[in-house]
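Trainee: Please find upload-v9.txt (compact mmCIF, C-alpha atoms) on the next line:
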```
# COMPACT_ATOMS: atom_id res chain seq x y z
CA MET C 1 0.00 0.00 0.00
CA SER C 2 1.45 3.38 -1.01
CA ALA C 3 2.08 6.06 1.60
CA PRO C 4 -0.55 8.82 1.98
CA TYR C 5 -0.10 11.83 -0.26
CA PRO C 6 2.04 14.36 1.68
CA PHE C 7 -0.22 17.40 1.57
CA ARG C 8 2.63 19.87 1.97
CA LEU C 9 4.56 19.45 -1.27
CA ILE C 10 5.67 23.07 -0.96
CA ASP C 11 7.21 23.64 2.47
CA HIS C 12 9.37 26.68 3.29
CA ARG C 13 10.98 24.78 6.18
CA ARG C 14 12.52 22.28 3.78
CA LYS C 15 15.73 23.72 2.35
CA GLU C 16 16.01 21.40 -0.64
CA PRO C 17 13.59 20.75 -3.51
CA LEU C 18 11.48 17.60 -3.54
CA GLU C 19 13.49 14.42 -3.70
CA ASP C 20 10.69 12.84 -5.68
CA PRO C 21 9.10 15.31 -8.17
CA GLY C 22 7.04 12.32 -9.31
CA LEU C 23 4.71 13.11 -6.41
CA LEU C 24 3.12 15.64 -8.74
CA LEU C 25 1.83 12.71 -10.76
CA ARG C 26 0.03 11.37 -7.70
CA ARG C 27 -1.88 14.49 -6.70
CA PRO C 28 -5.26 13.45 -5.28
CA PHE C 29 -7.41 15.40 -7.72
CA THR C 30 -6.35 12.93 -10.42
CA GLU C 31 -8.17 10.21 -8.47
CA LEU C 32 -11.51 11.98 -8.81
CA LYS C 33 -11.72 12.33 -12.60
CA ARG C 34 -15.14 13.81 -12.05
CA SER C 35 -17.35 15.72 -14.46
CA PHE C 36 -20.83 17.22 -14.47
CA LYS C 37 -22.01 13.95 -15.99
CA ASP C 38 -20.46 11.89 -13.17
CA ASP C 39 -21.76 14.21 -10.45
CA ALA C 40 -25.31 14.02 -11.84
CA ARG C 41 -25.69 10.84 -9.79
CA LEU C 42 -24.83 12.79 -6.63
CA PHE C 43 -27.14 15.75 -7.23
CA ASP C 44 -30.22 16.17 -5.05
CA PRO C 45 -32.48 18.86 -6.53
CA GLY C 46 -35.00 19.03 -3.69
CA ASP C 47 -38.76 19.25 -4.15
CA GLU C 48 -38.99 22.82 -5.48
CA LEU C 49 -36.40 22.48 -8.24
CA GLU C 50 -37.81 19.09 -9.19
CA THR C 51 -41.27 20.67 -9.53
CA ALA C 52 -39.85 23.45 -11.71
CA MET C 53 -38.19 20.87 -13.97
CA ASN C 54 -41.40 18.90 -14.37
CA THR C 55 -43.35 22.09 -15.06
CA ALA C 56 -40.98 23.10 -17.85
CA LEU C 57 -41.13 19.59 -19.31
CA ALA C 58 -44.93 19.57 -19.33
CA VAL C 59 -45.41 22.96 -21.01
CA GLY C 60 -42.40 22.76 -23.34
CA LEU C 61 -40.80 26.00 -22.18
CA PRO C 62 -37.16 26.65 -21.28
CA LEU C 63 -36.36 26.50 -17.56
CA LEU C 64 -34.44 29.56 -16.41
CA LEU C 65 -32.40 28.89 -13.26
CA THR C 66 -30.85 31.62 -11.14
CA GLY C 67 -28.99 31.46 -7.84
CA GLU C 68 -25.61 32.09 -6.31
CA PRO C 69 -22.62 30.61 -8.15
CA GLY C 70 -22.01 27.11 -6.84
CA THR C 71 -25.62 26.26 -5.96
CA GLY C 72 -26.00 23.62 -8.69
CA LYS C 73 -27.60 25.44 -11.63
CA THR C 74 -25.37 23.83 -14.25
CA GLN C 75 -25.46 20.48 -12.48
CA ALA C 76 -29.26 20.51 -12.68
CA ALA C 77 -29.14 20.12 -16.47
CA TYR C 78 -26.87 17.08 -16.22
CA TYR C 79 -29.13 15.63 -13.54
CA ALA C 80 -32.17 16.11 -15.78
CA ALA C 81 -30.45 14.41 -18.72
CA TRP C 82 -29.46 11.47 -16.54
CA LYS C 83 -32.92 11.08 -15.01
CA LEU C 84 -34.59 11.31 -18.42
CA GLY C 85 -32.16 8.83 -19.99
CA VAL C 86 -31.07 11.25 -22.74
CA GLU C 87 -27.40 11.83 -21.99
CA PRO C 88 -25.15 13.49 -23.02
CA VAL C 89 -26.10 17.12 -22.43
CA LEU C 90 -25.63 19.56 -25.29
CA HIS C 91 -23.76 22.24 -23.32
CA PHE C 92 -23.43 25.74 -24.78
CA GLN C 93 -21.19 27.91 -22.60
CA VAL C 94 -22.08 31.56 -23.13
CA LYS C 95 -19.21 34.03 -23.43
CA SER C 96 -18.99 37.80 -23.47
CA ASP C 97 -18.83 37.84 -27.28
CA SER C 98 -21.38 35.10 -27.97
CA THR C 99 -24.04 35.73 -30.60
CA ALA C 100 -27.33 33.93 -31.05
CA ARG C 101 -26.02 32.30 -34.22
CA ASP C 102 -23.22 30.66 -32.25
CA LEU C 103 -25.88 28.45 -30.69
CA LEU C 104 -27.28 27.51 -34.11
CA TYR C 105 -24.36 27.04 -36.50
CA SER C 106 -21.11 28.55 -37.73
CA PHE C 107 -20.14 29.40 -41.30
CA ASP C 108 -16.50 29.54 -42.35
CA ALA C 109 -16.71 32.57 -44.60
CA VAL C 110 -12.92 32.94 -44.89
CA GLU C 111 -12.46 29.40 -46.18
CA TYR C 112 -15.46 29.72 -48.48
CA PHE C 113 -14.22 32.89 -50.17
CA HIS C 114 -10.73 31.45 -50.38
CA ASP C 115 -12.01 28.37 -52.20
CA ALA C 116 -14.34 30.44 -54.38
CA HIS C 117 -11.38 32.53 -55.49
CA LEU C 118 -9.47 29.40 -56.49
CA GLU C 119 -12.34 27.93 -58.54
CA LYS C 120 -11.45 27.64 -62.24
CA THR C 121 -15.13 27.80 -63.31
CA ASP C 122 -18.04 30.12 -62.70
CA LYS C 123 -19.59 27.56 -60.35
CA LEU C 124 -19.25 28.56 -56.70
CA PRO C 125 -18.43 26.02 -53.96
CA ASP C 126 -21.31 24.32 -52.13
CA LYS C 127 -21.91 26.47 -49.06
CA ASP C 128 -23.18 23.47 -47.09
CA LYS C 129 -19.60 22.24 -46.85
CA TYR C 130 -18.64 25.32 -44.84
CA VAL C 131 -21.47 25.10 -42.30
CA THR C 132 -20.85 23.50 -38.89
CA ARG C 133 -23.79 22.47 -36.73
CA ARG C 134 -23.90 23.85 -33.21
CA GLU C 135 -25.82 22.81 -30.10
CA LEU C 136 -29.37 23.89 -31.00
CA TRP C 137 -29.08 22.39 -34.49
CA GLU C 138 -27.88 19.12 -32.96
CA ALA C 139 -30.82 19.18 -30.53
CA LEU C 140 -33.38 19.76 -33.30
CA THR C 141 -32.08 17.01 -35.57
CA SER C 142 -31.37 14.31 -32.97
CA ASP C 143 -33.29 11.04 -33.17
CA HIS C 144 -34.62 11.60 -29.62
CA PRO C 145 -35.35 14.63 -27.42
CA ARG C 146 -32.19 16.13 -25.96
CA VAL C 147 -31.28 18.32 -23.00
CA LEU C 148 -29.80 21.62 -24.17
CA LEU C 149 -27.99 23.75 -21.58
CA ILE C 150 -27.43 27.45 -22.26
CA ASP C 151 -25.03 28.22 -19.44
CA GLU C 152 -24.56 31.70 -17.88
CA ILE C 153 -26.68 33.63 -20.36
CA ASP C 154 -26.16 36.85 -18.42
CA LYS C 155 -22.55 36.94 -19.66
CA ALA C 156 -23.70 37.47 -23.25
CA PRO C 157 -24.18 40.83 -25.00
CA ARG C 158 -27.54 42.47 -24.35
CA ASP C 159 -29.07 41.42 -27.70
CA PHE C 160 -28.29 37.71 -27.25
CA PRO C 161 -31.49 36.68 -25.36
CA ASN C 162 -33.83 38.65 -27.63
CA ASP C 163 -32.14 37.30 -30.75
CA LEU C 164 -33.11 33.78 -29.63
CA LEU C 165 -36.80 34.49 -28.99
CA HIS C 166 -38.06 32.93 -32.23
CA GLU C 167 -35.67 29.99 -32.20
CA LEU C 168 -36.50 28.97 -28.63
CA ASP C 169 -40.22 29.60 -29.10
CA LYS C 170 -40.74 27.84 -32.45
CA MET C 171 -37.71 25.54 -32.35
CA GLU C 172 -36.80 26.37 -35.90
CA PHE C 173 -34.38 28.59 -37.79
CA THR C 174 -33.01 29.13 -41.28
CA VAL C 175 -29.38 28.89 -42.28
CA ARG C 176 -28.89 32.34 -43.76
CA GLU C 177 -26.07 31.40 -46.11
CA THR C 178 -27.88 28.44 -47.71
CA GLY C 179 -31.54 29.30 -47.13
CA LYS C 180 -32.21 25.83 -45.70
CA PRO C 181 -34.65 25.51 -42.77
CA VAL C 182 -33.88 23.50 -39.63
CA SER C 183 -36.71 22.45 -37.33
CA ALA C 184 -38.05 19.66 -35.16
CA PRO C 185 -41.55 18.20 -34.70
CA ALA C 186 -43.31 19.13 -31.47
CA GLU C 187 -42.70 15.77 -29.82
CA MET C 188 -38.95 16.09 -30.44
CA ARG C 189 -38.74 19.50 -28.80
CA PRO C 190 -35.53 19.65 -26.75
CA VAL C 191 -35.52 20.19 -23.00
CA VAL C 192 -33.87 23.59 -22.58
CA LEU C 193 -32.28 24.74 -19.32
CA ILE C 194 -30.81 28.23 -19.08
CA THR C 195 -28.67 29.43 -16.19
CA SER C 196 -27.95 32.96 -15.03
CA ASN C 197 -25.90 34.36 -12.17
CA SER C 198 -28.10 37.48 -12.29
CA GLU C 199 -25.20 39.76 -13.20
CA ARG C 200 -27.78 41.77 -15.17
CA ARG C 201 -31.52 41.56 -15.70
CA LEU C 202 -32.72 39.65 -18.73
CA PRO C 203 -35.22 41.23 -21.17
CA GLU C 204 -38.93 40.93 -20.31
CA PRO C 205 -39.92 39.29 -23.64
CA PHE C 206 -37.34 36.59 -22.97
CA LEU C 207 -38.47 36.05 -19.37
CA ARG C 208 -42.09 35.63 -20.50
CA ARG C 209 -41.06 32.62 -22.57
CA CYS C 210 -39.46 30.76 -19.65
CA VAL C 211 -40.42 28.83 -16.56
CA TYR C 212 -38.40 30.40 -13.74
CA HIS C 213 -36.83 28.97 -10.61
CA HIS C 214 -34.36 30.50 -8.16
CA ILE C 215 -32.15 28.02 -6.31
CA GLN C 216 -32.10 29.46 -2.81
CA PHE C 217 -29.07 28.51 -0.79
CA ASP C 218 -29.88 27.20 2.69
CA ASP C 219 -28.44 24.73 5.17
CA LYS C 220 -30.64 21.94 3.75
CA LEU C 221 -29.03 22.35 0.32
CA ALA C 222 -25.56 22.17 1.85
CA ARG C 223 -26.41 19.18 4.03
CA ARG C 224 -27.87 17.19 1.13
CA ALA C 225 -24.73 17.77 -0.93
CA VAL C 226 -22.42 16.68 1.91
CA GLU C 227 -24.52 13.68 2.93
CA VAL C 228 -24.63 12.08 -0.51
CA ARG C 229 -20.83 12.36 -0.82
CA LEU C 230 -20.30 11.04 2.68
CA GLU C 231 -22.36 7.97 1.79
CA ARG C 232 -19.99 7.34 -1.10
CA GLY C 233 -16.95 7.52 1.18
CA GLU C 234 -15.60 10.76 -0.23
CA TYR C 235 -14.61 12.07 3.21
CA GLY C 236 -13.68 8.66 4.60
CA ASN C 237 -11.09 9.89 7.11
CA LEU C 238 -13.32 12.62 8.59
CA SER C 239 -15.86 11.71 11.25
CA ARG C 240 -19.48 12.77 11.07
CA GLU C 241 -18.88 14.92 14.15
CA PHE C 242 -16.02 16.74 12.43
CA LEU C 243 -18.07 17.22 9.26
CA GLU C 244 -20.95 18.65 11.27
CA MET C 245 -18.56 21.07 12.98
CA ALA C 246 -17.12 22.08 9.62
CA LEU C 247 -20.61 22.64 8.23
CA GLN C 248 -21.52 24.82 11.22
CA ARG C 249 -18.35 26.89 10.71
CA PHE C 250 -19.22 27.24 7.01
CA LEU C 251 -22.78 28.38 7.79
CA ALA C 252 -21.48 30.84 10.38
CA LEU C 253 -19.16 32.24 7.72
CA ARG C 254 -22.10 32.78 5.37
CA GLU C 255 -23.87 34.81 8.06
CA ARG C 256 -21.15 37.44 7.90
CA SER C 257 -21.64 40.48 5.68
CA LEU C 258 -19.50 39.24 2.80
CA ARG C 259 -19.22 40.53 -0.74
CA LYS C 260 -19.03 36.98 -2.07
CA PRO C 261 -20.33 34.42 0.42
CA PRO C 262 -19.22 30.84 -0.24
CA ALA C 263 -21.83 28.43 -1.63
CA THR C 264 -22.11 24.67 -2.07
CA GLY C 265 -19.27 24.46 -4.59
CA GLU C 266 -16.81 26.10 -2.20
CA LEU C 267 -18.02 23.98 0.71
CA LEU C 268 -17.41 20.71 -1.14
CA VAL C 269 -13.92 21.78 -2.23
CA TRP C 270 -13.08 22.89 1.32
CA LEU C 271 -14.20 19.59 2.83
CA ARG C 272 -12.16 17.71 0.25
CA VAL C 273 -9.08 19.76 1.21
CA LEU C 274 -9.69 19.07 4.90
CA ALA C 275 -9.98 15.35 4.21
CA LEU C 276 -6.76 15.33 2.17
CA ALA C 277 -4.81 17.28 4.78
CA ALA C 278 -6.07 15.04 7.58
CA ARG C 279 -4.39 12.03 5.99
CA THR C 280 -0.99 13.19 7.14
CA SER C 281 -1.55 15.71 9.97
CA PRO C 282 -4.31 16.69 12.42
CA VAL C 283 -6.79 19.34 11.28
CA ARG C 284 -8.44 21.60 13.83
CA LEU C 285 -11.33 24.04 13.50
CA ASP C 286 -11.24 27.12 15.72
CA GLU C 287 -14.45 27.36 17.72
CA ARG C 288 -14.78 31.16 17.62
CA ASP C 289 -12.36 32.86 15.25
CA LEU C 290 -13.54 32.25 11.68
CA SER C 291 -10.45 33.99 10.31
CA LYS C 292 -8.41 31.03 11.60
CA LEU C 293 -10.33 28.41 9.65
CA PRO C 294 -7.81 26.22 7.83
CA TYR C 295 -7.50 26.61 4.05
CA LEU C 296 -9.77 29.65 4.09
CA GLY C 297 -8.80 30.44 0.50
CA ALA C 298 -10.94 27.53 -0.64
CA LEU C 299 -14.00 29.30 0.81
CA LEU C 300 -13.45 33.03 0.35
CA LYS C 301 -12.46 34.54 -2.99
CA ASP C 302 -12.44 38.24 -2.15
CA HIS C 303 -9.67 40.23 -0.44
CA GLU C 304 -12.11 42.57 1.29
CA ASP C 305 -13.99 39.61 2.73
CA MET C 306 -10.73 38.25 4.11
CA GLU C 307 -9.89 41.59 5.73
CA SER C 308 -13.42 41.97 7.09
CA LEU C 309 -13.18 38.58 8.70
CA LYS C 310 -9.89 39.48 10.36
CA GLY C 311 -11.50 42.67 11.68
CA ALA C 312 -14.26 40.59 13.26
CA ARG C 313 -11.75 38.30 14.97
CA GLY C 314 -12.93 36.90 18.26
CA ARG C 315 -16.64 37.53 17.64
CA PRO C 316 -18.79 34.39 17.25
```
Go ahead and render the structure in this file as C-alpha cells.
Mentor:
Amino acid sequence: MSAPYPFRLIDHRRKEPLEDPGLLLRRPFTELKRSFKDDARLFDPGDELETAMNTALAVGLPLLLTGEPGTGKTQAAYYAAWKLGVEPVLHFQVKSDSTARDLLYSFDAVEYFHDAHLEKTDKLPDKDKYVTRRELWEALTSDHPRVLLIDEIDKAPRDFPNDLLHELDKMEFTVRETGKPVSAPAEMRPVVLITSNSERRLPEPFLRRCVYHHIQFDDKLARRAVEVRLERGEYGNLSREFLEMALQRFLALRERSLRKPPATGELLVWLRVLALAARTSPVRLDERDLSKLPYLGALLKDHEDMESLKGARGRP
C-alpha cells in the first residue's frame, strides 16, 4: 500500500527541492476524474427544483435557473439528462462575445471565399460544406429529445437573449447562407435549461417565454450535498462529528456580511481539502475565530472579505 499523499509538497521549512518530483503525478485530484455527468448521480435537486423541472417539461418551455454561483444550476441540467435517460447534455457555454447564431451554426466565410477565389469555373463552392452544426441544431435534428444547456446567459451581449426568442419559441431557424430551414416536430422539442448568475436583468420578452426557478441557498441544500458524498466515502477519514462542525463553521461564515459568500461548490472543495490534509496531519477548527479556519482560500475569494473577517476576529 502506497504512503498517503504528503499534503505539503511546498514547504518553506525544507531547504532542498522535492526528492521525488514524481509526487506531482500522484496528486489526489487525479483520483476523482469527475465531471458534471459523473456528479449528476450525486445531485439532489430538492422538491422545489424538481417541480420546476417537471413544469418546464410539461409545457415545453425553457427552464431559467438563477442562484448564487455554486448552488448547482449547471449540475441541474446534467441531472435532468441522466434522469430522463437522454445523456449526453448539449452544453453551450455563453461568453462575453457570444451571438445567437453561435448556438445555431457557424459558417466559415474565410475558407469559403478562399475556395471560391481558387475555382477555375463560374460555379461557386457548395456552401453546405462550410457550415458546422452547433448545439441547437444538434438538438433539433437528434433522433430523440435532448437536454440543451445554455449556461450563464447573463454573460452574453444584451441582444443575445432577444435574438433567440423565435428559435426557442418555435424551435426552428433558417441557415442564412444556404436558405435551408432547420426544425423539429413538437414531440422532439428539446428540454432547454438556461442558467444565469443574475449579473444583469434579462429582457422581459425573454423572461415571458421561460419557466423560472431560483435556487435558494440554505443549510438543507448544503447538508444534502455533503450527505450524498459522505455515503460514497468521499470524506472517509473525517468523522461525522467533524463534518458537522465544519458545516456549522461554514454556515457561520455565510452569516457574515461578505461581498461573495461561499456556496455549495466552495463547501465541497473545502471539505475535500480538509480530508486530504487530515491524511498526514491533524486538522483543527477554531471554535470562535472564523479567520483562523484552515484553508480559508478555498471558501473566500475576495480580499475585502478576508480583511473583514480578520477585523471581526474573536466575535462568534
Trainee: Of the residues C:Leu49, C:Ala56, C:Leu65, C:Ala77, which is the one nearest to C:Val147, using all atoms listed in the file?
Mentor: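 Using all atoms listed in the file, the shortest distance to C:Val147 belongs to C:Ala77.
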Trainee: Write out, as a tab-separated table, each residue of stretch 66-114 of chain C that has an atom at most 7 Å from stretch 209-221 of chain C, together with the closest pair of atoms and their distance in Å to one decimal, counting only C-alpha atoms, rows going by chain and rising number.
Mentor:
```
residue	atom	partner	partner_atom	distance
C:Thr66	CA	C:His214	CA	4.7
C:Gly67	CA	C:Ile215	CA	4.9
C:Thr71	CA	C:Phe217	CA	6.6
```
Trainee: Taking 2 positions as the minimum chain separation for residues in the same chain, which residues sit within 7 Å of C:Asn237 when counting only C-alpha atoms? Answer as an NGL selection string.
Mentor: :C and (235 or 239 or 275)
Trainee: Write a file of the just-selected residues containing C-alpha atoms, as a PDB file, keeping the file's coordinate frame.
Mentor:
```
ATOM      1  CA  TYR C 235     -14.610  12.070   3.210  1.00  0.00           C
ATOM      2  CA  SER C 239     -15.860  11.710  11.250  1.00  0.00           C
ATOM      3  CA  ALA C 275      -9.980  15.350   4.210  1.00  0.00           C
TER       4      ALA C 275
END
```
Trainee: May I ask which of the residues C:Gly70, C:Gly22, C:Gly46, C:Pro261 is the closest one to C:Thr195, counting all atoms listed in the file?
Mentor: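 Ranking C:Gly70, C:Gly22, C:Gly46, C:Pro261 by distance to C:Thr195, first place goes to C:Gly70.
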Trainee: If we count all atoms listed in the file, what is near C:Met245 at a cut-off of 10 Å, once residues fewer than 6 positions away on the same chain are taken out, given as a list in words?
Mentor: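 Counting all atoms listed in the file, the residues come to Ser239, Leu251, Leu285, Asp286 and Glu287 of chain C.
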Trainee: Stretch 35-38 of chain C: which residues within 9 Å, counting all atoms listed in the file, same-chain residues fewer than 3 positions away excluded, as number ranges by chain?
Mentor: C: 32, 41-42, 74-75, 78-79, 81-82, 87-89
Trainee: Compare C:Asp151, C:Glu244, C:Glu199, C:Glu204 by their minimum atom-to-atom distance to C:Glu68, counting all atoms listed in the file, and give me the closest one.
Mentor: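 Selected residue with least distance to C:Glu68: C:Glu199.
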Trainee: Which residue out of C:Arg240, C:Arg279, C:Arg256, C:Lys170 has the minimum interatomic distance to C:Lys310 when only C-alpha atoms are used?
Mentor: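 Smallest separation from C:Lys310 among the options: C:Arg256.
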Trainee: Between C:Pro262, C:Pro282, C:Pro185, C:Gly85, which one has atoms that come closest to C:Ala139, using only C-alpha atoms?
Mentor: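 Among C:Pro262, C:Pro282, C:Pro185, C:Gly85, it is C:Pro185 that comes nearest to C:Ala139.
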Trainee: Between atom CA of C:Trp137 and atom CA of C:Leu104, what is the distance, to one decimal in Å?
Mentor: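 Taking atom CA of C:Trp137 as the start and atom CA of C:Leu104 as the end point, the length is 5.4 Å.
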Trainee: From the options C:Phe173, C:Gly233, C:Pro69, C:Val228, which residue's atoms come nearest to C:Lys260, counting all atoms listed in the file?
Mentor: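 Checking each candidate against C:Lys260, we get C:Pro69 as the closest.
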Trainee: Just the residues within 10 Å of C:Leu276, please, counting all atoms listed in the file, with nothing from its chain fewer than 2 positions along; format it as JSON, numbers by chain.
Mentor: {"C": [4, 5, 6, 7, 28, 29, 235, 236, 237, 238, 270, 271, 272, 273, 274, 278, 279, 280, 281, 283]}
Trainee: What does the distance from atom CA of C:Asp302 to atom CA of C:Lys155 come to in Å, to one decimal?
Mentor: 20.3 Å
Trainee: So what do you get for atom CA of C:Thr141 versus atom CA of C:Met171, distance-wise?
Mentor: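 Answer for the atom CA of C:Thr141 to atom CA of C:Met171 separation: 10.7 Å.
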Trainee: Residues within 10 Å of C:Lys95, please, as a ChimeraX atom specification. Count all atoms listed in the file; anything in the same chain fewer than 6 positions from it doesn't count.
Mentor: /C:151-157
